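> Take a look at coords-v9.cif, mmCIF, C-alpha atoms:
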data_target
loop_
_atom_site.label_atom_id
_atom_site.label_comp_id
_atom_site.auth_asym_id
_atom_site.auth_seq_id
_atom_site.Cartn_x
_atom_site.Cartn_y
_atom_site.Cartn_z
CA MET F 1 3.04 26.17 -62.67
CA LYS F 2 5.74 28.81 -62.94
CA LEU F 3 4.92 32.26 -61.61
CA ASP F 4 5.57 35.16 -63.98
CA LYS F 5 8.78 36.97 -62.98
CA ARG F 6 7.12 40.35 -62.70
CA LEU F 7 4.28 39.04 -60.51
CA GLN F 8 6.90 37.37 -58.34
CA ALA F 9 9.02 40.53 -58.08
CA ASP F 10 6.04 42.72 -57.17
CA SER F 11 4.43 40.50 -54.55
CA LYS F 12 4.75 38.30 -51.46
CA HIS F 13 3.52 34.73 -51.31
CA ILE F 14 0.64 34.23 -48.89
CA TYR F 15 -0.98 30.83 -49.46
CA GLU F 16 -1.58 27.95 -51.86
CA LEU F 17 -5.33 27.62 -52.33
CA GLY F 18 -6.96 24.73 -54.16
CA GLU F 19 -6.93 26.31 -57.63
CA SER F 20 -4.68 29.30 -57.25
CA THR F 21 -1.73 30.88 -55.50
CA LEU F 22 -2.61 33.81 -53.24
CA LEU F 23 -0.17 36.73 -53.45
CA LEU F 24 0.00 40.05 -51.63
CA MET F 25 1.03 42.98 -53.81
CA ASN F 26 4.06 44.53 -52.11
CA ASN F 27 2.44 47.91 -51.59
CA SER F 28 1.12 48.58 -48.11
CA LEU F 29 -0.78 51.71 -49.21
CA VAL F 30 -3.71 49.45 -50.17
CA ASP F 31 -4.83 45.95 -49.15
CA TRP F 32 -4.11 44.40 -52.53
CA PHE F 33 -4.18 40.66 -53.11
CA MET F 34 -3.92 38.58 -56.27
CA LEU F 35 -5.09 35.08 -57.07
CA VAL F 36 -3.01 33.31 -59.72
CA PRO F 37 -4.88 30.23 -60.98
CA ARG F 38 -2.65 27.28 -61.87
CA CYS F 39 -3.54 27.19 -65.56
CA ASP F 40 -2.08 28.17 -68.91
CA GLU F 41 -5.22 29.89 -70.20
CA ILE F 42 -4.98 33.68 -70.44
CA GLU F 43 -8.69 34.57 -70.37
CA PHE F 44 -10.78 33.74 -67.31
CA THR F 45 -13.91 33.46 -69.46
CA LYS F 46 -12.32 30.66 -71.51
CA LEU F 47 -11.85 28.38 -68.50
CA THR F 48 -14.42 25.63 -67.96
CA PHE F 49 -17.42 26.85 -66.00
CA GLU F 50 -16.55 24.34 -63.27
CA LEU F 51 -13.05 25.79 -62.82
CA GLN F 52 -14.45 29.34 -62.98
CA THR F 53 -16.80 28.60 -60.09
CA GLU F 54 -13.99 27.03 -58.05
CA ILE F 55 -11.89 30.16 -58.56
CA LEU F 56 -14.94 32.29 -57.75
CA LYS F 57 -15.14 30.54 -54.37
CA GLU F 58 -11.52 31.53 -53.76
CA ILE F 59 -12.29 35.14 -54.77
CA ASN F 60 -15.16 35.12 -52.26
CA LEU F 61 -12.90 33.69 -49.57
CA VAL F 62 -10.21 36.33 -50.10
CA ALA F 63 -12.88 39.06 -50.19
CA GLN F 64 -14.24 37.80 -46.87
CA PHE F 65 -10.73 37.79 -45.40
CA ILE F 66 -10.06 41.34 -46.57
CA GLN F 67 -13.37 42.55 -45.17
CA GLY F 68 -12.76 40.92 -41.80
CA GLN F 69 -9.11 41.94 -41.53
CA PHE F 70 -8.98 45.42 -43.05
CA SER F 71 -12.59 46.76 -43.05
CA PRO F 72 -12.43 48.28 -46.54
CA ASP F 73 -15.03 50.75 -47.79
CA LYS F 74 -15.17 49.03 -51.19
CA LEU F 75 -13.74 45.99 -52.90
CA ASN F 76 -12.18 46.18 -56.35
CA ILE F 77 -12.06 42.88 -58.23
CA ALA F 78 -10.50 42.67 -61.65
CA THR F 79 -8.64 40.55 -64.15
CA LEU F 80 -6.86 42.68 -66.73
CA GLY F 81 -3.58 41.07 -67.84
CA ASN F 82 -2.56 43.85 -70.22
CA VAL F 83 1.00 43.94 -68.94
CA VAL F 84 1.47 40.49 -67.37
CA SER F 85 -0.42 37.94 -69.42
CA GLN F 86 -0.33 35.10 -66.87
CA MET F 87 -3.89 35.03 -65.50
CA HIS F 88 -4.18 36.86 -62.19
CA ILE F 89 -7.21 38.21 -60.43
CA HIS F 90 -6.90 41.30 -58.28
CA VAL F 91 -8.94 41.38 -55.06
CA ILE F 92 -8.32 44.74 -53.43
CA GLY F 93 -9.68 46.39 -50.33
CA ARG F 94 -10.10 50.10 -50.97
CA LYS F 95 -10.62 52.84 -48.41
CA PHE F 96 -12.00 56.33 -48.87
CA ASN F 97 -8.75 57.63 -47.40
CA ASP F 98 -6.29 55.45 -49.29
CA PRO F 99 -3.91 57.58 -51.39
CA TYR F 100 -5.31 56.45 -54.75
CA TRP F 101 -9.07 56.71 -53.96
CA PRO F 102 -11.28 56.89 -55.99
CA ALA F 103 -8.94 56.07 -58.90
CA PRO F 104 -8.13 52.44 -59.72
CA VAL F 105 -4.87 51.19 -58.21
CA TRP F 106 -3.06 50.37 -61.43
CA GLY F 107 -0.40 52.69 -62.76
CA GLN F 108 -0.48 54.99 -59.75
CA ALA F 109 2.65 56.79 -58.72
CA GLY F 110 3.99 56.01 -55.26
CA SER F 111 3.94 52.82 -53.25
CA ARG F 112 5.29 51.61 -49.90
CA ILE F 113 6.75 48.14 -49.50
CA TYR F 114 5.83 45.99 -46.51
CA THR F 115 8.27 45.11 -43.76
CA ASP F 116 8.95 41.40 -43.31
CA ASP F 117 7.04 41.52 -40.04
CA GLN F 118 4.00 43.01 -41.72
CA VAL F 119 4.01 40.29 -44.38
CA THR F 120 4.35 37.58 -41.72
CA GLU F 121 1.45 39.10 -39.81
CA ILE F 122 -0.82 39.10 -42.86
CA LYS F 123 0.24 35.58 -43.81
CA GLN F 124 -0.52 34.29 -40.31
CA ALA F 125 -3.85 36.15 -40.25
CA PHE F 126 -4.82 34.47 -43.52
CA GLU F 127 -3.77 31.06 -42.22
CA ARG F 128 -5.92 31.52 -39.11
CA PHE F 129 -8.83 32.73 -41.25
CA PHE F 130 -8.45 29.83 -43.68
CA ALA F 131 -8.32 27.27 -40.87
CA THR F 132 -11.78 28.32 -39.73
CA ASN F 133 -13.25 28.88 -43.22
CA ASP F 134 -11.76 26.22 -45.48
CA THR F 135 -15.08 24.42 -45.97
CA GLN F 136 -16.15 27.38 -48.12
CA ALA F 137 -13.34 27.24 -50.66
CA MET P 1 -34.36 48.55 -60.58
CA LYS P 2 -33.40 52.14 -61.27
CA LEU P 3 -30.20 52.71 -63.22
CA ASP P 4 -27.72 55.14 -61.67
CA LYS P 5 -27.88 58.51 -63.45
CA ARG P 6 -24.18 58.57 -64.25
CA LEU P 7 -24.20 55.04 -65.71
CA GLN P 8 -27.20 56.04 -67.78
CA ALA P 9 -25.57 59.25 -69.02
CA ASP P 10 -22.34 57.49 -70.00
CA SER P 11 -23.79 54.50 -71.81
CA LYS P 12 -26.24 53.08 -74.35
CA HIS P 13 -28.74 50.33 -73.54
CA ILE P 14 -28.07 47.09 -75.38
CA TYR P 15 -30.12 44.26 -73.86
CA GLU P 16 -31.98 42.97 -70.81
CA LEU P 17 -30.36 39.70 -69.79
CA GLY P 18 -31.79 37.37 -67.16
CA GLU P 19 -30.00 38.91 -64.17
CA SER P 20 -28.58 42.14 -65.50
CA THR P 21 -28.89 44.99 -67.94
CA LEU P 22 -26.26 45.08 -70.65
CA LEU P 23 -24.92 48.56 -71.42
CA LEU P 24 -22.39 49.83 -73.94
CA MET P 25 -20.09 52.55 -72.64
CA ASN P 26 -20.48 55.49 -75.01
CA ASN P 27 -16.84 55.54 -76.06
CA SER P 28 -16.08 53.93 -79.40
CA LEU P 29 -12.30 53.97 -78.78
CA VAL P 30 -12.67 50.63 -76.96
CA ASP P 31 -15.28 47.83 -77.03
CA TRP P 32 -16.49 48.48 -73.51
CA PHE P 33 -19.61 46.84 -72.10
CA MET P 34 -21.11 46.82 -68.62
CA LEU P 35 -23.43 44.37 -66.89
CA VAL P 36 -25.64 45.96 -64.23
CA PRO P 37 -27.19 43.22 -62.08
CA ARG P 38 -30.72 43.97 -60.85
CA CYS P 39 -29.86 44.00 -57.16
CA ASP P 40 -29.30 46.45 -54.33
CA GLU P 41 -26.11 44.84 -53.05
CA ILE P 42 -22.93 46.85 -53.70
CA GLU P 43 -20.35 44.03 -53.47
CA PHE P 44 -20.44 41.17 -55.99
CA THR P 45 -18.85 38.84 -53.42
CA LYS P 46 -21.77 39.37 -51.04
CA LEU P 47 -24.36 38.06 -53.49
CA THR P 48 -25.53 34.47 -53.04
CA PHE P 49 -23.26 32.00 -54.82
CA GLU P 50 -26.19 30.99 -57.01
CA LEU P 51 -26.73 34.56 -58.22
CA GLN P 52 -22.98 35.03 -58.69
CA THR P 53 -22.84 32.02 -61.00
CA GLU P 54 -25.84 33.25 -63.00
CA ILE P 55 -24.11 36.61 -63.48
CA LEU P 56 -20.89 34.77 -64.33
CA LYS P 57 -22.74 33.06 -67.19
CA GLU P 58 -23.76 36.49 -68.46
CA ILE P 59 -20.14 37.70 -68.20
CA ASN P 60 -19.07 34.66 -70.25
CA LEU P 61 -21.78 35.36 -72.82
CA VAL P 62 -20.76 38.99 -73.25
CA ALA P 63 -17.08 37.97 -73.42
CA GLN P 64 -17.93 35.48 -76.16
CA PHE P 65 -19.87 38.17 -78.04
CA ILE P 66 -16.99 40.65 -77.81
CA GLN P 67 -14.50 38.03 -78.98
CA GLY P 68 -16.63 37.06 -81.97
CA GLN P 69 -17.60 40.59 -82.92
CA PHE P 70 -14.47 42.64 -82.25
CA SER P 71 -11.54 40.16 -82.08
CA PRO P 72 -9.85 41.78 -79.07
CA ASP P 73 -6.28 40.96 -78.07
CA LYS P 74 -7.25 40.80 -74.38
CA LEU P 75 -10.34 41.02 -72.23
CA ASN P 76 -10.49 43.22 -69.16
CA ILE P 77 -13.13 42.22 -66.61
CA ALA P 78 -13.64 44.25 -63.47
CA THR P 79 -16.04 45.42 -60.82
CA LEU P 80 -14.75 48.51 -59.04
CA GLY P 81 -17.60 50.85 -58.06
CA ASN P 82 -15.41 53.53 -56.50
CA VAL P 83 -17.26 56.36 -58.23
CA VAL P 84 -20.66 54.82 -59.04
CA SER P 85 -21.66 52.48 -56.25
CA GLN P 86 -24.48 50.67 -58.07
CA MET P 87 -22.97 47.28 -58.93
CA HIS P 88 -21.68 47.14 -62.49
CA ILE P 89 -19.26 44.75 -64.09
CA HIS P 90 -17.03 45.96 -66.90
CA VAL P 91 -16.38 43.52 -69.75
CA ILE P 92 -14.01 45.22 -72.15
CA GLY P 93 -12.34 44.11 -75.35
CA ARG P 94 -8.85 45.60 -75.51
CA LYS P 95 -6.57 45.84 -78.52
CA PHE P 96 -2.83 46.36 -78.68
CA ASN P 97 -3.52 49.42 -80.83
CA ASP P 98 -6.36 50.96 -78.82
CA PRO P 99 -5.40 54.45 -77.59
CA TYR P 100 -5.26 53.47 -73.90
CA TRP P 101 -3.30 50.20 -74.23
CA PRO P 102 -1.78 48.83 -72.01
CA ALA P 103 -3.25 51.11 -69.33
CA PRO P 104 -6.66 50.34 -67.83
CA VAL P 105 -9.54 52.23 -69.45
CA TRP P 106 -10.71 54.14 -66.39
CA GLY P 107 -9.85 57.78 -65.97
CA GLN P 108 -8.22 58.10 -69.38
CA ALA P 109 -8.37 61.39 -71.18
CA GLY P 110 -10.16 61.39 -74.53
CA SER P 111 -13.15 59.43 -75.76
CA ARG P 112 -15.29 59.30 -78.89
CA ILE P 113 -19.04 58.88 -78.71
CA TYR P 114 -20.84 56.42 -80.98
CA THR P 115 -23.15 57.50 -83.77
CA ASP P 116 -26.75 56.28 -83.45
CA ASP P 117 -26.13 53.96 -86.41
CA GLN P 118 -23.13 52.40 -84.70
CA VAL P 119 -25.13 51.77 -81.54
CA THR P 120 -27.97 50.21 -83.54
CA GLU P 121 -25.49 48.00 -85.34
CA ILE P 122 -23.95 46.73 -82.09
CA LYS P 123 -27.38 46.23 -80.53
CA GLN P 124 -28.57 44.20 -83.51
CA ALA P 125 -25.35 42.19 -83.56
CA PHE P 126 -25.87 41.32 -79.91
CA GLU P 127 -29.50 40.35 -80.53
CA ARG P 128 -28.46 38.03 -83.34
CA PHE P 129 -25.70 36.56 -81.17
CA PHE P 130 -28.05 36.11 -78.23
CA ALA P 131 -30.70 34.40 -80.38
CA THR P 132 -28.22 31.65 -81.23
CA ASN P 133 -26.54 31.44 -77.81
CA ASP P 134 -29.28 32.01 -75.22
CA THR P 135 -29.12 28.46 -73.89
CA GLN P 136 -25.78 29.39 -72.33
CA ALA P 137 -26.97 32.30 -70.24
#
Could you render the structure from this file as C-alpha coordinates?


Amino acid sequence: MKLDKRLQADSKHIYELGESTLLLMNNSLVDWFMLVPRCDEIEFTKLTFELQTEILKEINLVAQFIQGQFSPDKLNIATLGNVVSQMHIHVIGRKFNDPYWPAPVWGQAGSRIYTDDQVTEIKQAFERFFATNDTQA
Amino acid sequence: MKLDKRLQADSKHIYELGESTLLLMNNSLVDWFMLVPRCDEIEFTKLTFELQTEILKEINLVAQFIQGQFSPDKLNIATLGNVVSQMHIHVIGRKFNDPYWPAPVWGQAGSRIYTDDQVTEIKQAFERFFATNDTQA
(Lines of atoms letter the chains of each structure in order from A and count residues from 1; the text may use other names and numbers.)
(Lines give C-alpha, C1' and ligand atoms only; values in the text may rest on other atoms or scores of the structure.)
Protein backbone atom coordinates (compact mmCIF):
# COMPACT_ATOMS: atom_id res chain seq x y z
CA MET A 1 0.00 0.00 0.00
CA LYS A 2 1.57 3.25 -1.14
CA LEU A 3 0.97 6.30 1.02
CA ASP A 4 -0.32 9.39 -0.79
CA LYS A 5 2.51 11.91 -1.27
CA ARG A 6 0.66 14.74 0.42
CA LEU A 7 -0.23 12.63 3.48
CA GLN A 8 3.40 11.58 3.66
CA ALA A 9 4.69 15.15 3.35
CA ASP A 10 2.33 16.46 6.03
CA SER A 11 2.85 13.79 8.67
CA LYS A 12 5.19 11.59 10.70
CA HIS A 13 4.94 7.82 10.82
CA ILE A 14 3.99 6.48 14.24
CA TYR A 15 2.99 2.81 13.98
CA GLU A 16 1.74 0.00 11.76
CA LEU A 17 -1.52 -1.25 13.24
CA GLY A 18 -3.31 -4.36 12.02
CA GLU A 19 -5.46 -2.66 9.39
CA SER A 20 -3.98 0.79 9.08
CA THR A 21 -0.91 2.98 9.31
CA LEU A 22 -0.95 5.47 12.18
CA LEU A 23 0.39 8.92 11.28
CA LEU A 24 0.89 12.08 13.31
CA MET A 25 0.00 15.28 11.48
CA ASN A 26 3.11 17.46 11.63
CA ASN A 27 1.44 20.29 13.49
CA SER A 28 2.12 20.43 17.21
CA LEU A 29 -0.62 23.01 17.82
CA VAL A 30 -3.12 20.14 18.12
CA ASP A 31 -2.83 16.42 18.93
CA TRP A 32 -3.78 15.27 15.45
CA PHE A 33 -3.45 11.67 14.33
CA MET A 34 -4.56 9.89 11.17
CA LEU A 35 -5.30 6.25 10.47
CA VAL A 36 -4.70 5.21 6.86
CA PRO A 37 -6.34 1.82 6.22
CA ARG A 38 -4.44 -0.42 3.80
CA CYS A 39 -7.15 -0.55 1.15
CA ASP A 40 -7.95 0.94 -2.25
CA GLU A 41 -11.55 1.87 -1.40
CA ILE A 42 -12.19 5.60 -1.05
CA GLU A 43 -15.36 5.52 1.08
CA PHE A 44 -15.26 4.03 4.57
CA THR A 45 -18.93 3.06 4.33
CA LYS A 46 -18.21 0.87 1.29
CA LEU A 47 -15.78 -1.36 3.16
CA THR A 48 -17.07 -4.70 4.44
CA PHE A 49 -18.69 -4.38 7.85
CA GLU A 50 -16.03 -6.72 9.25
CA LEU A 51 -13.20 -4.46 8.08
CA GLN A 52 -15.09 -1.38 9.30
CA THR A 53 -15.31 -2.83 12.81
CA GLU A 54 -11.61 -3.74 12.79
CA ILE A 55 -10.76 -0.15 11.85
CA LEU A 56 -13.21 1.08 14.48
CA LYS A 57 -11.21 -0.82 17.09
CA GLU A 58 -8.10 1.03 15.92
CA ILE A 59 -9.96 4.37 16.12
CA ASN A 60 -10.95 3.49 19.70
CA LEU A 61 -7.36 2.55 20.53
CA VAL A 62 -5.94 5.81 19.18
CA ALA A 63 -8.69 7.77 20.96
CA GLN A 64 -7.78 6.04 24.22
CA PHE A 65 -4.10 6.85 23.65
CA ILE A 66 -4.85 10.51 22.95
CA GLN A 67 -7.03 10.76 26.05
CA GLY A 68 -4.39 9.18 28.27
CA GLN A 69 -1.45 11.08 26.80
CA PHE A 70 -2.83 14.55 26.09
CA SER A 71 -6.03 14.92 28.18
CA PRO A 72 -8.08 16.61 25.45
CA ASP A 73 -11.35 18.40 26.18
CA LYS A 74 -12.98 16.87 23.09
CA LEU A 75 -12.17 14.38 20.37
CA ASN A 76 -12.80 15.14 16.71
CA ILE A 77 -13.10 12.07 14.48
CA ALA A 78 -13.63 12.44 10.77
CA THR A 79 -13.07 10.98 7.34
CA LEU A 80 -13.41 13.63 4.65
CA GLY A 81 -11.02 12.97 1.74
CA ASN A 82 -12.00 16.03 -0.29
CA VAL A 83 -8.40 16.96 -1.02
CA VAL A 84 -6.52 13.67 -0.56
CA SER A 85 -8.70 10.82 -1.77
CA GLN A 86 -6.72 7.98 -0.18
CA MET A 87 -8.87 6.93 2.78
CA HIS A 88 -7.66 8.46 6.03
CA ILE A 89 -9.44 8.91 9.31
CA HIS A 90 -8.60 11.87 11.50
CA VAL A 91 -8.54 11.26 15.27
CA ILE A 92 -7.78 14.57 16.92
CA GLY A 93 -7.52 15.67 20.52
CA ARG A 94 -8.91 19.18 20.86
CA LYS A 95 -8.46 21.57 23.76
CA PHE A 96 -10.49 24.61 24.72
CA ASN A 97 -7.28 26.61 24.51
CA ASP A 98 -5.88 25.23 21.26
CA PRO A 99 -5.47 28.00 18.66
CA TYR A 100 -8.23 26.72 16.37
CA TRP A 101 -10.92 25.98 19.00
CA PRO A 102 -13.88 25.68 18.47
CA ALA A 103 -13.38 25.64 14.68
CA PRO A 104 -12.48 22.38 12.93
CA VAL A 105 -8.75 21.93 12.29
CA TRP A 106 -8.86 21.76 8.51
CA GLY A 107 -7.84 24.74 6.44
CA GLN A 108 -6.71 26.79 9.42
CA ALA A 109 -3.92 29.28 8.99
CA GLY A 110 -0.80 28.69 11.07
CA SER A 111 0.84 25.50 12.21
CA ARG A 112 3.99 24.50 14.11
CA ILE A 113 6.06 21.50 13.08
CA TYR A 114 7.33 19.03 15.67
CA THR A 115 10.98 18.67 16.57
CA ASP A 116 12.48 15.24 15.92
CA ASP A 117 12.67 14.71 19.68
CA GLN A 118 8.99 15.45 20.10
CA VAL A 119 8.07 12.96 17.37
CA THR A 120 10.29 10.30 18.94
CA GLU A 121 8.67 10.93 22.31
CA ILE A 122 5.15 10.51 20.92
CA LYS A 123 6.16 7.42 18.95
CA GLN A 124 7.68 5.81 22.04
CA ALA A 125 4.64 6.76 24.14
CA PHE A 126 2.39 5.06 21.60
CA GLU A 127 4.59 1.96 21.54
CA ARG A 128 4.43 1.71 25.33
CA PHE A 129 0.66 2.24 25.24
CA PHE A 130 0.20 -0.35 22.49
CA ALA A 131 2.31 -2.92 24.33
CA THR A 132 -0.11 -2.85 27.25
CA ASN A 133 -3.31 -2.50 25.18
CA ASP A 134 -2.82 -4.59 22.04
CA THR A 135 -5.46 -7.14 23.02
CA GLN A 136 -8.06 -4.45 22.29
CA ALA A 137 -7.10 -3.74 18.69
CA MET B 1 -33.70 12.00 24.99
CA LYS B 2 -33.96 15.74 24.56
CA LEU B 3 -32.51 17.20 21.39
CA ASP B 4 -30.09 20.10 21.85
CA LYS B 5 -31.82 23.41 21.04
CA ARG B 6 -29.23 24.44 18.47
CA LEU B 7 -29.37 21.10 16.63
CA GLN B 8 -33.15 21.41 16.62
CA ALA B 9 -33.08 24.98 15.31
CA ASP B 10 -30.64 24.16 12.52
CA SER B 11 -32.25 20.99 11.20
CA LYS B 12 -35.37 19.12 10.08
CA HIS B 13 -36.45 15.80 11.55
CA ILE B 14 -36.30 12.93 9.08
CA TYR B 15 -36.62 9.60 10.91
CA GLU B 16 -36.25 7.73 14.19
CA LEU B 17 -33.75 4.93 13.63
CA GLY B 18 -33.06 2.18 16.15
CA GLU B 19 -30.27 3.97 18.01
CA SER B 20 -30.43 7.52 16.75
CA THR B 21 -32.54 10.32 15.38
CA LEU B 22 -31.87 11.21 11.76
CA LEU B 23 -31.84 14.95 11.05
CA LEU B 24 -31.38 16.95 7.86
CA MET B 25 -29.31 20.09 8.26
CA ASN B 26 -31.46 22.95 6.99
CA ASN B 27 -29.05 23.98 4.25
CA SER B 28 -29.94 22.79 0.77
CA LEU B 29 -26.52 23.76 -0.64
CA VAL B 30 -25.21 20.34 0.47
CA ASP B 31 -26.85 16.98 1.26
CA TRP B 32 -26.06 17.12 4.95
CA PHE B 33 -27.55 14.67 7.45
CA MET B 34 -26.88 14.10 11.13
CA LEU B 35 -27.39 11.06 13.34
CA VAL B 36 -28.05 11.90 16.99
CA PRO B 37 -27.64 8.74 19.10
CA ARG B 38 -30.00 8.51 22.08
CA CYS B 39 -27.31 8.57 24.74
CA ASP B 40 -25.77 10.94 27.26
CA GLU B 41 -22.17 10.13 26.40
CA ILE B 42 -20.29 12.91 24.58
CA GLU B 43 -17.52 10.84 22.94
CA PHE B 44 -18.42 8.17 20.37
CA THR B 45 -15.29 6.20 21.28
CA LYS B 46 -16.50 5.85 24.88
CA LEU B 47 -19.70 4.05 23.92
CA THR B 48 -19.74 0.26 24.26
CA PHE B 49 -18.38 -1.46 21.15
CA GLU B 50 -21.78 -3.07 20.65
CA LEU B 51 -23.54 0.30 20.55
CA GLN B 52 -20.82 1.73 18.31
CA THR B 53 -21.39 -1.01 15.76
CA GLU B 54 -25.17 -0.49 15.85
CA ILE B 55 -24.63 3.22 15.15
CA LEU B 56 -22.11 2.30 12.45
CA LYS B 57 -24.86 0.32 10.70
CA GLU B 58 -27.03 3.44 10.77
CA ILE B 59 -24.15 5.52 9.34
CA ASN B 60 -23.81 2.95 6.54
CA LEU B 61 -27.55 3.07 5.90
CA VAL B 62 -27.64 6.86 5.66
CA ALA B 63 -24.53 6.82 3.45
CA GLN B 64 -26.24 4.34 1.14
CA PHE B 65 -29.35 6.53 1.04
CA ILE B 66 -27.33 9.64 0.20
CA GLN B 67 -25.44 7.81 -2.53
CA GLY B 68 -28.62 6.48 -4.12
CA GLN B 69 -30.60 9.69 -3.79
CA PHE B 70 -28.05 12.44 -4.47
CA SER B 71 -25.09 10.77 -6.27
CA PRO B 72 -22.38 12.62 -4.33
CA ASP B 73 -18.77 12.69 -5.47
CA LYS B 74 -17.53 12.10 -1.91
CA LEU B 75 -18.93 11.42 1.52
CA ASN B 76 -17.80 13.35 4.57
CA ILE B 77 -18.40 11.59 7.89
CA ALA B 78 -17.49 13.26 11.14
CA THR B 79 -18.24 13.64 14.81
CA LEU B 80 -16.80 16.87 16.20
CA GLY B 81 -19.04 18.35 18.91
CA ASN B 82 -16.90 21.42 19.56
CA VAL B 83 -19.88 23.77 19.57
CA VAL B 84 -22.82 21.46 20.37
CA SER B 85 -21.68 18.80 22.80
CA GLN B 86 -24.65 16.43 22.40
CA MET B 87 -23.24 13.59 20.29
CA HIS B 88 -24.08 13.96 16.62
CA ILE B 89 -22.52 12.34 13.61
CA HIS B 90 -22.45 14.22 10.32
CA VAL B 91 -23.00 12.17 7.16
CA ILE B 92 -22.68 14.53 4.23
CA GLY B 93 -22.84 14.05 0.48
CA ARG B 94 -20.34 16.38 -1.17
CA LYS B 95 -20.16 17.35 -4.83
CA PHE B 96 -17.28 18.81 -6.79
CA ASN B 97 -19.58 21.69 -7.69
CA ASP B 98 -21.11 22.37 -4.28
CA PRO B 99 -20.31 25.91 -3.11
CA TYR B 100 -18.01 24.82 -0.26
CA TRP B 101 -15.97 22.18 -2.13
CA PRO B 102 -13.27 21.12 -1.29
CA ALA B 103 -13.44 22.82 2.12
CA PRO B 104 -15.27 21.13 4.99
CA VAL B 105 -18.87 22.31 5.45
CA TRP B 106 -18.52 23.70 8.96
CA GLY B 107 -18.28 27.41 9.53
CA GLN B 108 -18.85 28.30 5.89
CA ALA B 109 -20.57 31.54 5.04
CA GLY B 110 -23.85 31.25 3.14
CA SER B 111 -26.59 28.66 3.31
CA ARG B 112 -30.03 28.15 1.75
CA ILE B 113 -32.92 26.78 3.76
CA TYR B 114 -35.16 24.06 2.34
CA THR B 115 -38.77 24.65 1.38
CA ASP B 116 -41.32 22.55 3.28
CA ASP B 117 -41.98 20.61 0.06
CA GLN B 118 -38.30 19.78 -0.32
CA VAL B 119 -38.11 18.50 3.24
CA THR B 120 -41.23 16.38 2.75
CA GLU B 121 -39.76 14.96 -0.43
CA ILE B 122 -36.49 13.97 1.27
CA LYS B 123 -38.37 12.53 4.26
CA GLN B 124 -40.58 10.41 2.01
CA ALA B 125 -37.59 9.30 -0.05
CA PHE B 126 -35.87 8.14 3.12
CA GLU B 127 -39.00 6.32 4.30
CA ARG B 128 -39.23 4.48 0.98
CA PHE B 129 -35.52 3.65 1.13
CA PHE B 130 -35.77 2.47 4.72
CA ALA B 131 -38.78 0.26 3.97
CA THR B 132 -36.70 -1.72 1.49
CA ASN B 133 -33.43 -1.67 3.46
CA ASP B 134 -34.38 -1.95 7.14
CA THR B 135 -32.86 -5.40 7.54
CA GLN B 136 -29.44 -3.74 7.30
CA ALA B 137 -29.84 -1.34 10.18

> Could you make a table, as CSV, of the residues of chain P that have an atom within 6 Å of an atom of chain F, each with its nearest atom pair and distance in Å to one decimal, counting only C-alpha atoms, in chain and number order?


residue,atom,partner,partner_atom,distance
P:Thr45,CA,F:Asn60,CA,5.4
P:Asn60,CA,F:Thr45,CA,5.4
P:Asn76,CA,F:Leu80,CA,4.4
P:Ile77,CA,F:Thr79,CA,5.4
P:Ala78,CA,F:Ala78,CA,4.0
P:Thr79,CA,F:Ile77,CA,5.4
P:Leu80,CA,F:Asn76,CA,4.4
P:Asn82,CA,F:Pro102,CA,5.3
P:Pro102,CA,F:Asn82,CA,5.3

> Expand the PyMOL selection byres ((chain F and resi 32-39) around 6) into the explicit residue set it covers here, and present it as a list in words.

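Taken on the displayed file, the PyMOL selection byres ((chain F and resi 32-39) around 6) yields the residues Met1, Glu19, Ser20, Thr21, Leu22, Leu23, Leu24, Met25, Val30, Asp31, Asp40, Glu41, His88, Ile89, His90, Val91 and Ile92 of chain F.
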
> Tell me, as a list in words, which residues lie within 10 Å of Ala125 in chain F, counting all atoms listed in the file; anything in the same chain fewer than 6 positions away does not count.

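Once the adjacent positions are removed, what remains is Ile14, Phe65, Gln69, Val119 and Ala131 of chain F.
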
> Restricting the calculation to all atoms listed in the file, which member of F:Gln86, F:Asn97, F:Ser111, F:Gln67 is positioned closest to Phe126 in chain F?

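Residue with the minimum atom-to-atom distance to Phe126 in chain F: F:Gln67.
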
> Mind listing as an MDAnalysis selection string all residues within 7 Å of (3.5, 40.7, -56.6), counting all atoms listed in the file?

chainID F and resid 7:12 23:26

> Assuming 4 Å of padding per side, give the centre and edge lengths of the axis-aligned box around every listed atom of range 6-16 of chain F, in Å to one decimal and as AutoDock Vina command-line options.


--center_x 3.7 --center_y 35.3 --center_z -55.8 --size_x 18.6 --size_y 22.8 --size_z 21.8

> Would you work out the distance separating CA of Tyr15 in chain P from CA of Met87 in chain F, expressed in Å to one decimal?

29.0 Å

> Any idea what the distance is between CA of Gly68 in chain F and CA of Thr48 in chain P?

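Taking CA of Gly68 in chain F as the start and CA of Thr48 in chain P as the end point, the length is 18.2 Å.
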
> Please measure the separation of CA of Ser28 in chain F and CA of Ile113 in chain F, giving the value in Å to one decimal.

5.8 Å
